[in-house]
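This is run.pdb. It holds PDB, C-alpha atoms, pLDDT in the B column.
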ATOM      1  CA  MET U  11      99.820 138.883 120.491  1.00 33.00           C
ATOM      2  CA  THR U  12     102.631 136.386 119.811  1.00 39.00           C
ATOM      3  CA  GLU U  13     101.905 132.701 119.448  1.00 43.00           C
ATOM      4  CA  GLN U  14     103.118 130.615 122.384  1.00 45.00           C
ATOM      5  CA  HIS U  15     105.046 127.471 121.592  1.00 46.00           C
ATOM      6  CA  SER U  16     107.325 124.971 123.296  1.00 56.00           C
ATOM      7  CA  ASP U  17     111.003 125.742 123.742  1.00 59.00           C
ATOM      8  CA  HIS U  18     111.940 123.039 121.226  1.00 61.00           C
ATOM      9  CA  CYS U  19     109.878 124.578 118.416  1.00 68.00           C
ATOM     10  CA  GLY U  20     111.566 125.986 115.363  1.00 57.00           C
ATOM     11  CA  PRO U  21     110.567 129.170 113.522  1.00 60.00           C
ATOM     12  CA  HIS U  22     106.912 129.394 112.530  1.00 63.00           C
ATOM     13  CA  HIS U  23     107.752 130.500 108.999  1.00 72.00           C
ATOM     14  CA  ILE U  24     108.919 127.017 108.011  1.00 78.00           C
ATOM     15  CA  LYS U  25     107.337 125.986 104.708  1.00 85.00           C
ATOM     16  CA  ASP U  26     105.342 122.809 104.224  1.00 86.00           C
ATOM     17  CA  GLY U  27     107.426 119.987 102.781  1.00 85.00           C
ATOM     18  CA  ILE U  28     110.740 121.737 103.420  1.00 87.00           C
ATOM     19  CA  LEU U  29     112.456 118.503 104.485  1.00 90.00           C
ATOM     20  CA  PHE U  30     112.212 115.386 102.339  1.00 91.00           C
ATOM     21  CA  GLY U  31     113.243 111.869 103.299  1.00 92.00           C
ATOM     22  CA  MET U  32     113.042 108.550 101.554  1.00 90.00           C
ATOM     23  CA  GLY U  33     113.777 105.223 103.116  1.00 90.00           C
ATOM     24  CA  ASN U  34     112.479 101.886 104.276  1.00 90.00           C
ATOM     25  CA  PRO U  35     109.389 102.424 106.422  1.00 94.00           C
ATOM     26  CA  LEU U  36     108.718  99.918 109.178  1.00 94.00           C
ATOM     27  CA  LEU U  37     105.824  99.529 111.546  1.00 96.00           C
ATOM     28  CA  ASP U  38     107.367  99.053 114.980  1.00 96.00           C
ATOM     29  CA  ILE U  39     105.248  96.629 117.012  1.00 97.00           C
ATOM     30  CA  CYS U  40     106.442  97.024 120.608  1.00 97.00           C
ATOM     31  CA  ILE U  41     105.609  95.210 123.828  1.00 96.00           C
ATOM     32  CA  THR U  42     107.071  94.546 127.232  1.00 95.00           C
ATOM     33  CA  GLY U  43     107.654  90.813 126.997  1.00 94.00           C
ATOM     34  CA  THR U  44     109.125  87.875 128.847  1.00 93.00           C
ATOM     35  CA  GLN U  45     112.110  85.611 128.487  1.00 94.00           C
ATOM     36  CA  GLU U  46     109.633  82.830 127.681  1.00 95.00           C
ATOM     37  CA  LEU U  47     108.447  84.759 124.616  1.00 95.00           C
ATOM     38  CA  LEU U  48     112.029  85.244 123.442  1.00 96.00           C
ATOM     39  CA  ASP U  49     112.754  81.550 123.984  1.00 96.00           C
ATOM     40  CA  LYS U  50     109.628  80.530 122.037  1.00 96.00           C
ATOM     41  CA  TYR U  51     111.047  82.205 118.912  1.00 95.00           C
ATOM     42  CA  GLY U  52     114.723  81.447 119.540  1.00 95.00           C
ATOM     43  CA  LEU U  53     115.541  85.092 120.292  1.00 95.00           C
ATOM     44  CA  LYS U  54     117.927  86.639 122.804  1.00 94.00           C
ATOM     45  CA  ALA U  55     117.763  89.863 124.766  1.00 93.00           C
ATOM     46  CA  ASP U  56     119.399  92.675 122.743  1.00 93.00           C
ATOM     47  CA  ASP U  57     119.171  90.723 119.453  1.00 90.00           C
ATOM     48  CA  GLN U  58     118.818  92.817 116.301  1.00 93.00           C
ATOM     49  CA  ILE U  59     118.114  90.328 113.547  1.00 91.00           C
ATOM     50  CA  LEU U  60     116.340  89.904 110.248  1.00 90.00           C
ATOM     51  CA  ALA U  61     113.276  87.757 110.763  1.00 91.00           C
ATOM     52  CA  GLU U  62     113.412  84.211 109.499  1.00 90.00           C
ATOM     53  CA  GLU U  63     110.385  82.152 108.546  1.00 91.00           C
ATOM     54  CA  ARG U  64     110.086  80.876 112.139  1.00 93.00           C
ATOM     55  CA  HIS U  65     109.748  84.479 113.427  1.00 93.00           C
ATOM     56  CA  ILE U  66     106.850  85.555 111.168  1.00 91.00           C
ATOM     57  CA  PRO U  67     104.071  84.409 113.585  1.00 94.00           C
ATOM     58  CA  LEU U  68     105.682  86.621 116.265  1.00 95.00           C
ATOM     59  CA  PHE U  69     104.383  89.795 114.610  1.00 94.00           C
ATOM     60  CA  GLU U  70     100.733  88.756 114.893  1.00 94.00           C
ATOM     61  CA  GLU U  71     101.295  87.398 118.401  1.00 95.00           C
ATOM     62  CA  LEU U  72     102.614  90.781 119.535  1.00 96.00           C
ATOM     63  CA  CYS U  73      99.503  92.459 118.096  1.00 95.00           C
ATOM     64  CA  GLN U  74      97.352  90.346 120.428  1.00 94.00           C
ATOM     65  CA  ASN U  75      99.238  91.633 123.482  1.00 91.00           C
ATOM     66  CA  GLU U  76      97.188  94.006 125.647  1.00 91.00           C
ATOM     67  CA  GLY U  77     100.029  96.531 125.954  1.00 92.00           C
ATOM     68  CA  VAL U  78     101.083  96.596 122.294  1.00 96.00           C
ATOM     69  CA  GLU U  79     102.272  99.941 120.957  1.00 97.00           C
ATOM     70  CA  PHE U  80     102.503 100.717 117.241  1.00 97.00           C
ATOM     71  CA  LEU U  81     105.004 103.315 116.027  1.00 97.00           C
ATOM     72  CA  ALA U  82     106.003 104.581 112.603  1.00 96.00           C
ATOM     73  CA  GLY U  83     109.604 103.451 112.309  1.00 95.00           C
ATOM     74  CA  GLY U  84     112.576 102.894 110.069  1.00 93.00           C
ATOM     75  CA  ALA U  85     115.686 105.080 110.296  1.00 93.00           C
ATOM     76  CA  THR U  86     114.698 107.767 107.792  1.00 94.00           C
ATOM     77  CA  GLN U  87     111.080 107.935 108.902  1.00 95.00           C
ATOM     78  CA  ASN U  88     112.270 108.251 112.514  1.00 96.00           C
ATOM     79  CA  ALA U  89     114.501 111.159 111.489  1.00 95.00           C
ATOM     80  CA  MET U  90     111.512 112.801 109.767  1.00 95.00           C
ATOM     81  CA  LYS U  91     109.468 112.375 112.951  1.00 96.00           C
ATOM     82  CA  VAL U  92     112.144 114.125 115.034  1.00 95.00           C
ATOM     83  CA  ALA U  93     112.432 116.985 112.541  1.00 93.00           C
ATOM     84  CA  GLN U  94     108.643 117.225 112.449  1.00 93.00           C
ATOM     85  CA  TRP U  95     108.492 117.408 116.246  1.00 92.00           C
ATOM     86  CA  LEU U  96     111.125 120.160 116.278  1.00 90.00           C
ATOM     87  CA  SER U  97     109.229 122.225 113.709  1.00 89.00           C
ATOM     88  CA  CYS U  98     105.943 122.179 115.696  1.00 86.00           C
ATOM     89  CA  LYS U  99     104.080 122.648 112.421  1.00 88.00           C
ATOM     90  CA  PRO U 100     102.343 119.770 110.607  1.00 88.00           C
ATOM     91  CA  ASN U 101     103.600 118.705 107.190  1.00 91.00           C
ATOM     92  CA  THR U 102     107.008 120.376 107.262  1.00 92.00           C
ATOM     93  CA  THR U 103     108.503 116.938 106.614  1.00 94.00           C
ATOM     94  CA  VAL U 104     107.692 114.636 103.720  1.00 94.00           C
ATOM     95  CA  PHE U 105     108.498 110.939 103.689  1.00 94.00           C
ATOM     96  CA  MET U 106     108.399 108.428 100.851  1.00 91.00           C
ATOM     97  CA  GLY U 107     108.882 104.667 100.933  1.00 91.00           C
ATOM     98  CA  CYS U 108     107.157 101.436  99.983  1.00 90.00           C
ATOM     99  CA  ILE U 109     104.526  99.615 102.057  1.00 93.00           C
ATOM    100  CA  GLY U 110     102.079  96.809 101.452  1.00 92.00           C
ATOM    101  CA  LYS U 111      98.355  97.246 100.915  1.00 93.00           C
ATOM    102  CA  ASP U 112      97.570  95.640 104.257  1.00 94.00           C
ATOM    103  CA  ARG U 113      96.485  96.287 107.827  1.00 95.00           C
ATOM    104  CA  PHE U 114     100.050  97.066 108.968  1.00 96.00           C
ATOM    105  CA  GLY U 115     100.398  99.631 106.157  1.00 95.00           C
ATOM    106  CA  GLU U 116      97.191 101.345 107.278  1.00 96.00           C
ATOM    107  CA  ILE U 117      98.419 101.496 110.877  1.00 97.00           C
ATOM    108  CA  LEU U 118     101.820 102.802 109.739  1.00 97.00           C
ATOM    109  CA  SER U 119     100.211 105.596 107.704  1.00 96.00           C
ATOM    110  CA  GLU U 120      97.975 106.579 110.616  1.00 97.00           C
ATOM    111  CA  LYS U 121     100.891 106.687 113.071  1.00 97.00           C
ATOM    112  CA  ALA U 122     103.143 108.758 110.798  1.00 96.00           C
ATOM    113  CA  GLU U 123     100.397 111.222 109.909  1.00 95.00           C
ATOM    114  CA  ALA U 124      99.365 111.503 113.572  1.00 96.00           C
ATOM    115  CA  VAL U 125     102.725 113.118 114.350  1.00 95.00           C
ATOM    116  CA  GLY U 126     102.447 115.487 111.378  1.00 94.00           C
ATOM    117  CA  VAL U 127     104.669 113.762 108.792  1.00 95.00           C
ATOM    118  CA  SER U 128     103.285 114.016 105.252  1.00 95.00           C
ATOM    119  CA  VAL U 129     103.634 110.475 103.909  1.00 95.00           C
ATOM    120  CA  HIS U 130     103.550 109.503 100.258  1.00 92.00           C
ATOM    121  CA  TYR U 131     103.959 105.761 100.150  1.00 92.00           C
ATOM    122  CA  GLN U 132     104.252 103.532  97.132  1.00 88.00           C
ATOM    123  CA  TYR U 133     101.854 100.632  97.720  1.00 89.00           C
ATOM    124  CA  HIS U 134     102.863  97.111  96.828  1.00 86.00           C
ATOM    125  CA  GLU U 135     100.023  94.759  95.941  1.00 86.00           C
ATOM    126  CA  LYS U 136     101.668  91.461  96.913  1.00 87.00           C
ATOM    127  CA  GLU U 137     104.358  92.215  99.493  1.00 87.00           C
ATOM    128  CA  ALA U 138     103.593  92.996 103.141  1.00 90.00           C
ATOM    129  CA  THR U 139     104.471  96.197 104.962  1.00 93.00           C
ATOM    130  CA  GLY U 140     107.862  96.030 106.656  1.00 92.00           C
ATOM    131  CA  THR U 141     107.641  95.451 110.398  1.00 94.00           C
ATOM    132  CA  ALA U 142     109.901  95.409 113.424  1.00 94.00           C
ATOM    133  CA  ALA U 143     108.969  93.262 116.411  1.00 95.00           C
ATOM    134  CA  CYS U 144     110.342  95.044 119.494  1.00 96.00           C
ATOM    135  CA  ILE U 145     110.320  93.077 122.735  1.00 96.00           C
ATOM    136  CA  ILE U 146     111.461  94.844 125.890  1.00 96.00           C
ATOM    137  CA  THR U 147     112.615  92.567 128.713  1.00 95.00           C
ATOM    138  CA  GLY U 148     114.015  94.420 131.705  1.00 92.00           C
ATOM    139  CA  SER U 149     116.628  96.834 130.349  1.00 94.00           C
ATOM    140  CA  SER U 150     117.082  94.883 127.090  1.00 94.00           C
ATOM    141  CA  ARG U 151     115.441  95.323 123.708  1.00 94.00           C
ATOM    142  CA  CYS U 152     115.182  92.550 121.145  1.00 94.00           C
ATOM    143  CA  VAL U 153     114.275  93.585 117.596  1.00 93.00           C
ATOM    144  CA  SER U 154     113.396  91.266 114.721  1.00 92.00           C
ATOM    145  CA  PHE U 155     112.934  92.963 111.335  1.00 89.00           C
ATOM    146  CA  ASP U 156     110.805  91.766 108.435  1.00 86.00           C
ATOM    147  CA  SER U 157     111.645  94.036 105.498  1.00 81.00           C
ATOM    148  CA  GLY U 158     108.444  93.177 103.601  1.00 77.00           C
ATOM    149  CA  SER U 159     107.770  95.501 100.670  1.00 62.00           C
ATOM    150  CA  ASN U 160     110.955  97.491 101.259  1.00 66.00           C
ATOM    151  CA  SER U 161     112.594  95.347  98.594  1.00 60.00           C
ATOM    152  CA  GLU U 162     110.500  97.382  96.160  1.00 55.00           C
ATOM    153  CA  ASN U 163     112.041 100.664  97.280  1.00 55.00           C
ATOM    154  CA  LEU U 164     114.387 100.799  94.270  1.00 53.00           C
ATOM    155  CA  GLN U 165     111.367 101.263  92.006  1.00 57.00           C
ATOM    156  CA  SER U 166     110.115 103.959  94.361  1.00 55.00           C
ATOM    157  CA  LEU U 167     113.500 105.703  94.200  1.00 58.00           C
ATOM    158  CA  LYS U 168     113.377 105.790  90.395  1.00 59.00           C
ATOM    159  CA  ALA U 169     109.859 107.278  90.483  1.00 59.00           C
ATOM    160  CA  THR U 170     110.898 109.793  93.135  1.00 58.00           C
ATOM    161  CA  ARG U 171     113.823 111.036  91.065  1.00 59.00           C
ATOM    162  CA  LYS U 172     111.387 111.893  88.265  1.00 57.00           C
ATOM    163  CA  ILE U 173     109.059 113.657  90.712  1.00 56.00           C
ATOM    164  CA  LEU U 174     111.913 115.695  92.190  1.00 58.00           C
ATOM    165  CA  GLN U 175     113.234 116.603  88.734  1.00 58.00           C
ATOM    166  CA  CYS U 176     109.800 118.030  87.938  1.00 55.00           C
ATOM    167  CA  GLY U 177     109.664 119.882  91.279  1.00 53.00           C
ATOM    168  CA  VAL U 178     106.450 118.179  92.366  1.00 48.00           C
ATOM    169  CA  VAL U 179     105.928 116.887  95.922  1.00 48.00           C
TER     170      VAL U 179
END
Translate this structure into structure tokens?
Amino acid sequence: MTEQHSDHCGPHHIKDGILFGMGNPLLDICITGTQELLDKYGLKADDQILAEERHIPLFEELCQNEGVEFLAGGATQNAMKVAQWLSCKPNTTVFMGCIGKDRFGEILSEKAEAVGVSVHYQYHEKEATGTAACIITGSSRCVSFDSGSNSENLQSLKATRKILQCGVV
């Protein structure tokens, strides 16, 4: 009997960890919001900005929203999620990056692992996990990024090079 799978699934002989990505992980914190919320933080529909000090309280405010959705994000991690989805087999993708030892880091790990990505984060003791506040208003999307511990990714890259040279993942 052959195993049934979705049309988008790749071959079932794909090895664990076959695709490796390293980048700046972000926890996407998404809500359907209002113009009033954008105005409160000096944001505009379709903004894509780095968060300033005045935007930092926005991240916690979004978490209090009844319809908040948390997603594992960041460009490379998103690419790993798509590849993982196409493979239809857990742990075919491996992702490395730096996150904080905080609540947002825990949520990020849970969300990435829930879609089958094998995550191996470097944990930063003092810096927060990178976040992206995503506010949907009508057909517009405003995103404010707080890079958090991603500034430590250079150290992670140096450690990763040693791991890859040894053939250990």
inquiry  = Using all atoms listed in the file, can you tell me which of U:Leu60, U:Ile146, U:Ile117, U:Val125 comes closest to U:Gly158?
reply    =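 Going through U:Leu60, U:Ile146, U:Ile117, U:Val125 one by one, the smallest distance to U:Gly158 is for U:Leu60.
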query = Mind telling me what the PyMOL selection byres ((chain U and resi 80) around 10) catches here, as a VMD selection string?
reply = chain U and resid 37 to 41 73 77 to 79 81 to 83 114 117 to 118 120 to 121 142 to 144
Go ahead and save the residues from that selection, with C-alpha atoms, as a CSV table (one decimal), in the frame of the given file.
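Listed below is the output, out_32.csv:
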chain,number,residue,atom,x,y,z
U,37,LEU,CA,105.8,99.5,111.5
U,38,ASP,CA,107.4,99.1,115.0
U,39,ILE,CA,105.2,96.6,117.0
U,40,CYS,CA,106.4,97.0,120.6
U,41,ILE,CA,105.6,95.2,123.8
U,73,CYS,CA,99.5,92.5,118.1
U,77,GLY,CA,100.0,96.5,126.0
U,78,VAL,CA,101.1,96.6,122.3
U,79,GLU,CA,102.3,99.9,121.0
U,81,LEU,CA,105.0,103.3,116.0
U,82,ALA,CA,106.0,104.6,112.6
U,83,GLY,CA,109.6,103.5,112.3
U,114,PHE,CA,100.0,97.1,109.0
U,117,ILE,CA,98.4,101.5,110.9
U,118,LEU,CA,101.8,102.8,109.7
U,120,GLU,CA,98.0,106.6,110.6
U,121,LYS,CA,100.9,106.7,113.1
U,142,ALA,CA,109.9,95.4,113.4
U,143,ALA,CA,109.0,93.3,116.4
U,144,CYS,CA,110.3,95.0,119.5
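With distances taken over only C-alpha atoms, U:Gly84 is the one residue among U:Gly84, U:Gly27, U:Gly126, U:Pro100 lying closest to U:Gly140.
Restricting the calculation to only C-alpha atoms, the smallest distance between U:Ala89 and any of U:Ser119, U:Thr44, U:Asn75, U:Asn34 is found for U:Asn34.
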request  = Go through the shown structure with the PyMOL selection byres ((chain U and resi 28) around 9) and write out the matching residues as a list in words.
outcome  = Ile24, Lys25, Asp26, Gly27, Leu29, Phe30, Asn101, Thr102, Thr103 and Val104 of chain U
Two-atom distance - atom CA of U:Arg151, atom CA of U:Gly115 (Å) = 23.5 Å
query = For the atom pair atom CA of U:Leu68 and atom CA of U:Tyr51, what is the interatomic distance in Å to one decimal place?
reply =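 Atom CA of U:Tyr51 lies 7.4 Å from atom CA of U:Leu68.
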For stretch 35-51 of chain U, I'd like the enclosing box, axis-aligned and padded by 6 Å on every side, reported as JSON with centre and edge lengths in Å to one decimal.
{"center_x": 109.0, "center_y": 91.5, "center_z": 117.6, "size_x": 19.5, "size_y": 33.9, "size_z": 34.4}
Could you pull out every residue with an atom within 12 Å of (114.7, 86.3, 108.7), file coordinates, counting all atoms listed in the file, and send them as a PDB file with C-alpha atoms, in the coordinates of the input?
ATOM      1  CA  TYR U  51     111.047  82.205 118.912  1.00 95.00           C
ATOM      2  CA  GLY U  52     114.723  81.447 119.540  1.00 95.00           C
ATOM      3  CA  LEU U  53     115.541  85.092 120.292  1.00 95.00           C
ATOM      4  CA  GLN U  58     118.818  92.817 116.301  1.00 93.00           C
ATOM      5  CA  ILE U  59     118.114  90.328 113.547  1.00 91.00           C
ATOM      6  CA  LEU U  60     116.340  89.904 110.248  1.00 90.00           C
ATOM      7  CA  ALA U  61     113.276  87.757 110.763  1.00 91.00           C
ATOM      8  CA  GLU U  62     113.412  84.211 109.499  1.00 90.00           C
ATOM      9  CA  GLU U  63     110.385  82.152 108.546  1.00 91.00           C
ATOM     10  CA  ARG U  64     110.086  80.876 112.139  1.00 93.00           C
ATOM     11  CA  HIS U  65     109.748  84.479 113.427  1.00 93.00           C
ATOM     12  CA  ILE U  66     106.850  85.555 111.168  1.00 91.00           C
ATOM     13  CA  PRO U  67     104.071  84.409 113.585  1.00 94.00           C
ATOM     14  CA  LEU U  68     105.682  86.621 116.265  1.00 95.00           C
ATOM     15  CA  THR U 141     107.641  95.451 110.398  1.00 94.00           C
ATOM     16  CA  ALA U 142     109.901  95.409 113.424  1.00 94.00           C
ATOM     17  CA  ALA U 143     108.969  93.262 116.411  1.00 95.00           C
ATOM     18  CA  VAL U 153     114.275  93.585 117.596  1.00 93.00           C
ATOM     19  CA  SER U 154     113.396  91.266 114.721  1.00 92.00           C
ATOM     20  CA  PHE U 155     112.934  92.963 111.335  1.00 89.00           C
ATOM     21  CA  ASP U 156     110.805  91.766 108.435  1.00 86.00           C
ATOM     22  CA  SER U 157     111.645  94.036 105.498  1.00 81.00           C
ATOM     23  CA  GLY U 158     108.444  93.177 103.601  1.00 77.00           C
TER      24      GLY U 158
END
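Counting from atom CA of U:Thr86, the distance to atom CA of U:Lys111 is 20.6 Å.
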request  = Excluding U:Thr147 and residues on its chain fewer than 2 positions from it, collect all residues at most 10 Å away from it, counting only C-alpha atoms, and give them as a PyMOL selection string.
outcome  = chain U and resi 41-45+47-48+54-56+144-145+149-152
